[in-house]
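Student: Structure file model.txt (compact mmCIF, C-alpha atoms) is given on the next line.
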```
# COMPACT_ATOMS: atom_id res chain seq x y z
CA MET S 12 95.03 98.99 139.60
CA THR S 13 92.28 100.29 137.30
CA THR S 14 92.14 98.84 133.80
CA LEU S 15 90.94 101.29 131.19
CA ALA S 16 88.12 100.09 128.97
CA PRO S 17 88.94 99.98 125.26
CA PRO S 18 87.65 102.94 123.22
CA THR S 19 84.23 102.51 121.67
CA GLY S 20 82.51 104.00 118.65
CA LEU S 21 79.54 103.61 116.35
CA VAL S 22 80.12 101.09 113.58
CA HIS S 23 77.74 100.77 110.66
CA SER S 24 79.21 97.58 109.19
CA TRP S 25 82.37 95.91 107.90
CA ASP S 26 83.27 94.11 104.71
CA ILE S 27 86.11 92.45 102.81
CA SER S 28 86.96 94.10 99.49
CA THR S 29 89.65 93.75 96.86
CA GLY S 30 91.03 96.53 94.67
CA VAL S 31 88.47 99.12 95.75
CA ASP S 32 89.46 100.52 99.14
CA GLY S 33 93.23 100.56 98.82
CA PRO S 34 95.89 98.07 97.70
CA GLY S 35 95.18 94.37 97.92
CA THR S 36 92.40 92.73 99.88
CA ARG S 37 91.09 94.97 102.68
CA PHE S 38 89.17 94.64 105.90
CA VAL S 39 86.95 97.71 105.59
CA THR S 40 85.21 99.16 108.64
CA PHE S 41 82.39 101.60 107.93
CA LEU S 42 81.86 104.09 110.76
CA SER S 43 78.54 105.86 111.24
CA GLY S 44 78.04 109.59 110.88
CA CYS S 45 78.88 112.05 108.10
CA PRO S 46 78.65 115.86 107.85
CA LEU S 47 78.27 115.81 104.05
CA ARG S 48 75.08 115.13 102.12
CA CYS S 49 76.46 114.07 98.76
CA LEU S 50 73.83 113.85 96.04
CA TYR S 51 75.33 110.62 94.74
CA CYS S 52 76.03 108.97 98.12
CA GLN S 53 75.83 105.17 97.89
CA ASN S 54 75.30 104.77 101.62
CA PRO S 55 73.00 107.49 102.99
CA ASP S 56 72.18 105.06 105.79
CA THR S 57 75.63 105.87 107.23
CA TRP S 58 74.90 109.61 107.60
CA LEU S 59 73.44 109.39 111.09
CA ARG S 60 75.37 108.01 114.03
CA GLY S 61 72.17 106.51 115.36
CA ASN S 62 72.24 103.98 112.52
CA GLY S 63 75.38 102.43 113.93
CA THR S 64 76.08 99.84 116.60
CA ARG S 65 78.36 100.76 119.48
CA GLN S 66 81.40 98.51 119.46
CA SER S 67 84.78 98.56 121.14
CA THR S 68 88.09 98.58 119.33
CA ASP S 69 88.70 95.10 120.74
CA GLU S 70 85.52 93.80 119.09
CA VAL S 71 86.41 95.25 115.69
CA LEU S 72 90.02 94.08 115.89
CA ALA S 73 88.91 90.58 116.90
CA GLU S 74 86.90 90.38 113.69
CA ALA S 75 89.78 91.73 111.60
CA ARG S 76 92.22 89.28 113.18
CA LYS S 77 90.37 86.36 111.59
CA TYR S 78 91.36 87.59 108.14
CA VAL S 79 94.96 88.66 108.75
CA PRO S 80 96.66 85.68 107.01
CA PHE S 81 94.37 86.02 103.98
CA ILE S 82 94.86 89.79 103.80
CA ALA S 83 98.61 89.62 104.31
CA ALA S 84 98.97 87.12 101.47
CA SER S 85 97.38 89.64 99.07
CA GLY S 86 99.51 92.58 100.18
CA GLY S 87 96.38 94.21 101.55
CA GLY S 88 95.41 95.79 104.84
CA ALA S 89 92.63 97.56 106.69
CA THR S 90 90.64 100.62 105.64
CA LEU S 91 88.49 102.95 107.72
CA SER S 92 85.56 104.31 105.75
CA GLY S 93 82.04 105.52 106.37
CA GLY S 94 80.17 107.69 106.58
CA GLU S 95 83.07 109.86 107.58
CA PRO S 96 85.56 108.21 109.94
CA LEU S 97 86.95 111.57 111.10
CA GLN S 98 83.59 112.31 112.72
CA GLN S 99 84.78 109.83 115.39
CA PRO S 100 88.48 110.79 115.51
CA GLU S 101 89.46 109.15 118.81
CA PHE S 102 87.85 105.85 117.86
CA ALA S 103 89.32 106.04 114.36
CA SER S 104 92.81 106.64 115.76
CA ALA S 105 92.51 103.71 118.16
CA LEU S 106 91.39 101.40 115.35
CA LEU S 107 94.19 102.47 113.02
CA HIS S 108 96.76 101.82 115.74
CA GLY S 109 95.13 98.46 116.44
CA PHE S 110 95.26 97.46 112.78
CA ARG S 111 98.92 98.43 112.72
CA GLU S 112 99.56 96.16 115.71
CA LEU S 113 98.02 93.33 113.70
CA GLY S 114 100.66 94.00 111.05
CA LEU S 115 98.19 95.46 108.55
CA HIS S 116 98.71 98.31 106.12
CA THR S 117 96.26 101.07 107.05
CA ALA S 118 94.17 103.39 104.90
CA LEU S 119 91.81 106.24 105.78
CA ASP S 120 88.95 106.89 103.35
CA THR S 121 87.79 110.46 103.93
CA SER S 122 86.31 113.54 102.30
CA GLY S 123 88.80 115.63 104.24
CA TYR S 124 86.08 118.02 105.35
CA LEU S 125 86.84 117.19 109.00
CA GLY S 126 90.58 117.00 108.43
CA GLY S 127 91.14 119.45 111.27
CA LEU S 128 90.05 116.68 113.67
CA ALA S 129 92.77 114.32 112.45
CA CYS S 130 95.45 114.62 115.13
CA GLY S 131 99.08 113.72 114.55
CA GLU S 132 98.66 110.43 116.39
CA LEU S 133 95.87 109.38 114.01
CA LEU S 134 97.86 110.30 110.92
CA ASP S 135 100.97 108.59 112.27
CA ALA S 136 99.01 105.33 112.19
CA THR S 137 97.75 105.96 108.64
CA ASP S 138 99.81 104.57 105.76
CA LEU S 139 97.57 105.88 102.98
CA VAL S 140 94.79 108.44 102.66
CA LEU S 141 92.03 107.87 100.12
CA LEU S 142 90.93 111.48 99.64
CA ASP S 143 87.63 112.23 97.94
CA ILE S 144 87.87 115.57 96.16
CA LYS S 145 84.36 115.80 94.84
CA ALA S 146 84.56 118.93 92.67
CA GLY S 147 87.03 121.58 91.63
CA THR S 148 85.04 124.74 92.27
CA PRO S 149 83.46 125.81 95.57
CA GLU S 150 80.06 126.32 93.92
CA THR S 151 79.83 122.81 92.51
CA TYR S 152 81.26 121.27 95.66
CA ARG S 153 78.55 122.91 97.76
CA ARG S 154 75.88 121.87 95.25
CA LEU S 155 77.01 118.25 95.53
CA THR S 156 77.72 118.04 99.26
CA SER S 157 76.01 121.03 100.96
CA ARG S 158 79.42 121.91 102.42
CA ALA S 159 82.48 124.03 101.62
CA LEU S 160 85.43 122.82 99.55
CA ALA S 161 88.15 124.72 101.42
CA PRO S 162 88.56 122.33 104.40
CA THR S 163 89.26 119.42 102.04
CA LEU S 164 91.93 121.38 100.19
CA GLU S 165 93.50 122.51 103.46
CA PHE S 166 93.66 118.92 104.66
CA ALA S 167 95.21 117.83 101.37
CA GLU S 168 97.90 120.47 101.74
CA ARG S 169 98.60 119.32 105.29
CA LEU S 170 99.02 115.74 104.06
CA ALA S 171 101.41 116.97 101.40
CA THR S 172 103.48 118.77 104.03
CA LEU S 173 103.66 115.53 106.00
CA GLY S 174 104.57 113.54 102.89
CA LYS S 175 101.62 111.23 103.53
CA PRO S 176 100.76 109.09 100.45
CA VAL S 177 97.40 110.00 98.92
CA TRP S 178 95.11 108.43 96.36
CA VAL S 179 92.65 111.02 95.08
CA ARG S 180 89.16 109.79 94.27
CA TYR S 181 86.98 111.71 91.85
CA VAL S 182 83.40 110.71 91.06
CA LEU S 183 82.54 111.49 87.46
CA VAL S 184 78.95 112.75 87.28
CA PRO S 185 77.75 113.65 83.76
CA GLY S 186 76.55 117.22 83.59
CA ILE S 187 78.22 118.17 86.88
CA THR S 188 81.76 116.99 87.59
CA ASP S 189 82.65 116.15 83.99
CA ALA S 190 82.91 119.87 83.18
CA PRO S 191 86.46 120.79 82.08
CA GLU S 192 86.72 123.52 84.72
CA GLU S 193 85.89 121.04 87.49
CA MET S 194 88.29 118.32 86.38
CA GLY S 195 90.98 120.80 85.46
CA ALA S 196 90.89 122.49 88.86
CA VAL S 197 91.18 119.19 90.75
CA ALA S 198 93.90 117.92 88.41
CA ALA S 199 95.97 121.08 88.79
CA PHE S 200 95.60 121.06 92.56
CA ALA S 201 96.47 117.38 92.90
CA ALA S 202 99.48 117.69 90.61
CA GLY S 203 100.85 120.51 92.73
CA LEU S 204 100.79 118.53 95.98
CA GLY S 205 103.65 116.15 95.25
CA ASN S 206 102.30 113.24 97.32
CA VAL S 207 99.44 112.01 95.11
CA GLU S 208 100.32 108.49 94.00
CA ARG S 209 97.28 107.98 91.81
CA VAL S 210 93.84 109.30 90.89
CA ASP S 211 90.85 106.99 90.66
CA ILE S 212 88.04 108.14 88.37
CA LEU S 213 84.87 106.59 89.76
CA PRO S 214 81.94 106.53 87.32
CA PHE S 215 78.68 107.73 88.81
CA HIS S 216 75.93 105.11 89.14
CA THR S 217 72.51 104.80 90.73
CA LEU S 218 73.07 101.59 92.71
CA GLY S 219 72.43 103.41 95.98
CA GLN S 220 69.05 104.78 94.91
CA SER S 221 67.10 102.09 96.73
CA LYS S 222 68.72 103.14 100.02
CA TRP S 223 67.56 106.70 99.48
CA GLU S 224 64.04 105.49 98.81
CA ALA S 225 64.10 103.30 101.92
CA LEU S 226 64.93 106.43 103.93
CA ASN S 227 62.09 108.35 102.21
CA ARG S 228 64.60 110.67 100.58
CA ARG S 229 64.47 111.85 96.99
CA PHE S 230 67.42 110.76 94.88
CA VAL S 231 67.78 113.86 92.74
CA LEU S 232 70.27 112.27 90.34
CA ALA S 233 67.95 109.40 89.43
CA ASP S 234 67.84 110.47 85.78
CA THR S 235 71.57 111.13 85.48
CA PRO S 236 73.24 108.55 83.20
CA THR S 237 76.31 106.54 84.03
CA PRO S 238 79.25 108.04 82.11
CA SER S 239 80.35 106.22 78.99
CA ALA S 240 83.75 104.57 78.66
CA GLU S 241 84.79 107.44 76.40
CA GLN S 242 83.81 110.01 79.04
CA VAL S 243 85.80 108.14 81.68
CA ASP S 244 88.82 107.98 79.37
CA ARG S 245 88.62 111.73 78.75
CA ALA S 246 88.53 112.36 82.48
CA ARG S 247 91.58 110.17 83.02
CA ASP S 248 93.40 112.03 80.27
CA GLU S 249 92.61 115.33 81.98
CA PHE S 250 94.57 114.14 85.02
CA ARG S 251 97.29 112.38 83.03
CA THR S 252 98.12 115.59 81.15
CA ARG S 253 99.10 117.01 84.55
CA GLY S 254 101.57 114.17 85.06
CA LEU S 255 99.32 112.16 87.37
CA VAL S 256 98.68 108.41 87.26
CA ALA S 257 94.95 107.99 86.65
CA TYR S 258 92.77 104.88 86.60
```
Is it possible to express this structure as C-alpha cells?
Tutor:
Amino acid sequence: MTTLAPPTGLVHSWDISTGVDGPGTRFVTFLSGCPLRCLYCQNPDTWLRGNGTRQSTDEVLAEARKYVPFIAASGGGATLSGGEPLQQPEFASALLHGFRELGLHTALDTSGYLGGLACGELLDATDLVLLDIKAGTPETYRRLTSRALAPTLEFAERLATLGKPVWVRYVLVPGITDAPEEMGAVAAFAAGLGNVERVDILPFHTLGQSKWEALNRRFVLADTPTPSAEQVDRARDEFRTRGLVAY
C-alpha cells in the first residue's frame, strides 16, 4: 500500500501574536508569494516564493502543536497569512484542515485578489476571513497595489453568500486612503454584505522601510506621515455611521 506524502508549500516564517491576526493568541504562518505590490507592504520579502522554505504540512502542524494548550487558553487559534496564502491554495487548504484537527479556530488573512482559487474545501476549514480591502475606488486600488479591485469585491460577495464571518482591514494612508470617497465606498460596500463582524482601521507606518531598502527597492511612501489619533477616529466614525463595528 502506497502512503501519500503530506502536501508541501513554501513558508516564509511563523510567529505567535495576540490581538492582531484574529481573536486571542494566534499561531500565524506566513506563506511566500504575493501577486500584489502594495506601496505600504510591511513584508516585501514575502512577495517572491523563492524567499520561502519548502515545508510539509506535518512540519508546520508539529510546530503549531507545541502551542495548542497556550492558544486554547486564550480563545485563540491559527492564522494563515503572507504574502498571499491563496497563491498556494492546496497547501493553504491542507494547513487549515490540519489546524482544525488540532482543535484550533482558523483564520485566513487575504487580500481576496486570488479569491477565485479558494475552493469550497478550503473555505469549509476557515472560521474567519481577515479581508484587506485596500481602497474604495479602482483607481486608488491600482495605484496602491498595481492590481484591480474587482476580484477582491467579488470574493467578499461570495463570502457573504456563504455566511462566512469577515473582519475587514483597512490601512489608513494620509493623502491616499483617508479621502472621504475611498473610506465611504469601502464602508458602504462592507455594510451591505451582512457578514462583516468588525472593521479594523490600521494606521499606516514606515516600519517596513528597512526591508524595502534591503531589497534595493524604493519605498515611495517614506515621507508619508503616520495618521494622527484624530484621523484614525474620523476613519472609524466613517464606518460606524454605516452601522459597522470599527476599531
Student: Which residues of region 88-146 of chain S sit at most 6 Å from region 159-183 of chain S, using all atoms listed in the file? Give each one's shortest atom pair and distance in Å (one decimal place), in chain and ascending residue order, as CSV.
Tutor:
```
residue,atom,partner,partner_atom,distance
S:Gly123,CA,S:Thr163,CA,4.4
S:Tyr124,CA,S:Thr163,CA,4.8
S:Gly126,CA,S:Phe166,CA,5.2
S:Leu139,CA,S:Pro176,CA,5.2
S:Val140,CA,S:Val177,CA,4.8
S:Leu141,CA,S:Trp178,CA,4.9
S:Leu142,CA,S:Val179,CA,4.9
S:Asp143,CA,S:Arg180,CA,4.7
S:Ile144,CA,S:Tyr181,CA,5.9
S:Lys145,CA,S:Tyr181,CA,5.7
```
Student: Could those selected residues go to a file with C-alpha atoms, as a short mmCIF file (atom, residue, chain, number, x, y, z; two decimals), keeping the file's coordinate frame?
Tutor:
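To be explicit, this is the file written out as result.cif:
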```
data_model
loop_
_atom_site.label_atom_id
_atom_site.label_comp_id
_atom_site.auth_asym_id
_atom_site.auth_seq_id
_atom_site.Cartn_x
_atom_site.Cartn_y
_atom_site.Cartn_z
CA GLY S 123 88.80 115.63 104.24
CA TYR S 124 86.08 118.02 105.35
CA GLY S 126 90.58 117.00 108.43
CA LEU S 139 97.57 105.88 102.98
CA VAL S 140 94.79 108.44 102.66
CA LEU S 141 92.03 107.87 100.12
CA LEU S 142 90.93 111.48 99.64
CA ASP S 143 87.63 112.23 97.94
CA ILE S 144 87.87 115.57 96.16
CA LYS S 145 84.36 115.80 94.84
#
```
Student: Just checking: using all atoms listed in the file, which residue out of S:Phe200, S:Phe230, S:Phe110, S:Phe102 ends up closest to Gly147 (chain S)?
Tutor: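 Looking only at the distances to Gly147 (chain S), the closest residue turns out to be S:Phe200.
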Student: What does the structure give for the distance between CA of Ala240 (chain S) and CA of Thr148 (chain S), in Å to one decimal?
Tutor: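 Interatomic distance, CA of Ala240 (chain S) to CA of Thr148 (chain S): 24.4 Å.
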Student: Would you kindly return, as a VMD selection string, each protein, DNA or RNA residue with an atom no farther than 10 Å from any atom of Gln66 (chain S), considering all atoms listed in the file and excluding same-chain residues fewer than 3 positions away?
Tutor: chain S and resid 17 to 23 63 69 to 71 102
Student: For the selection just defined, write its residues with C-alpha atoms to a file, as a PDB file, in the frame of the given file.
Tutor:
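Here's the written file selection-v9.pdb:
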```pdb
ATOM      1  CA  PRO S  17      88.940  99.980 125.260  1.00  0.00           C
ATOM      2  CA  PRO S  18      87.650 102.940 123.220  1.00  0.00           C
ATOM      3  CA  THR S  19      84.230 102.510 121.670  1.00  0.00           C
ATOM      4  CA  GLY S  20      82.510 104.000 118.650  1.00  0.00           C
ATOM      5  CA  LEU S  21      79.540 103.610 116.350  1.00  0.00           C
ATOM      6  CA  VAL S  22      80.120 101.090 113.580  1.00  0.00           C
ATOM      7  CA  HIS S  23      77.740 100.770 110.660  1.00  0.00           C
ATOM      8  CA  GLY S  63      75.380 102.430 113.930  1.00  0.00           C
ATOM      9  CA  ASP S  69      88.700  95.100 120.740  1.00  0.00           C
ATOM     10  CA  GLU S  70      85.520  93.800 119.090  1.00  0.00           C
ATOM     11  CA  VAL S  71      86.410  95.250 115.690  1.00  0.00           C
ATOM     12  CA  PHE S 102      87.850 105.850 117.860  1.00  0.00           C
TER      13      PHE S 102
END
```
Student: Between S:Ser67, S:Thr40, S:Asp56, S:Leu115, which has the minimum distance to Leu91 (chain S) (counting all atoms listed in the file)?
Tutor: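 Smallest separation from Leu91 (chain S) among the options: S:Thr40.
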Student: Which residue out of S:Phe38, S:Tyr258, S:Trp25, S:Tyr51 has the minimum interatomic distance to Gly219 (chain S) when only C-alpha atoms are used?
Tutor: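 Checking each candidate against Gly219 (chain S), we get S:Tyr51 as the closest.
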Student: Point out the residue among S:Pro46, S:Gly195, S:Gly86, S:Pro80 with the least atom-to-atom distance to Gly30 (chain S), counting all atoms listed in the file.
Tutor: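 Nearest to Gly30 (chain S): S:Gly86.
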Student: Calculate how many Å separate CA of Tyr78 (chain S) from CA of Phe41 (chain S), rounding to one decimal.
Tutor: 16.6 Å
Student: Pick from S:Ala129, S:Ala118, S:Ala199, S:Ile187: nearest to Pro100 (chain S), with all atoms listed in the file counted?
Tutor: S:Ala129
Student: May I have the residues within 10 Å of Trp58 (chain S) as a count of residues only, using all atoms listed in the file and disregarding those fewer than 4 positions away in the same chain?
Tutor: 15
Student: Distance CA of Gly88 (chain S)-CA of Glu101 (chain S), one decimal place?
Tutor: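 Answer for the CA of Gly88 (chain S) to CA of Glu101 (chain S) separation: 20.2 Å.
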Student: Which one is closest to Thr29 (chain S): S:Pro185, S:Pro238, S:Gly87, S:Gly203? Count only C-alpha atoms.
Tutor: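 The closest residue to Thr29 (chain S) is S:Gly87.
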Student: Report as a ChimeraX atom specification all protein, DNA and RNA residues lying within 9 Å of region 248-257 of chain S, evaluated on all atoms listed in the file, omitting residues in the same chain fewer than 5 positions from it.
Tutor: /S:191,194-195,197-199,201-202,207-212,243
Student: Find the residues with any atom within 8 Å of (92.0, 92.8, 105.4); use all atoms listed in the file and the coordinates as given in the file, and write the answer as a PyMOL selection string.
Tutor: chain S and resi 27-28+36-39+75+78-79+81-83+87-90+115
Student: So that I can check the surroundings of Arg229 (chain S), please list as a VMD selection string every protein, DNA and RNA residue that reaches within 12 Å of it, counting only C-alpha atoms and ignoring chain neighbours fewer than 3 positions away.
Tutor: chain S and resid 50 to 52 55 219 to 226 232 to 234
Student: Please provide the set of residues having any atom within 10 Å of Gly109 (chain S), restricted to all atoms listed in the file, with same-chain residues fewer than 2 positions apart removed, written as a list in words.
Tutor: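 The filter keeps Thr68, Asp69, Val71, Leu72, Ala75, Ala103, Ser104, Ala105, Leu106, Leu107, Arg111, Glu112, Leu113, Gly114, Leu115, Thr117 and Ala136 of chain S.
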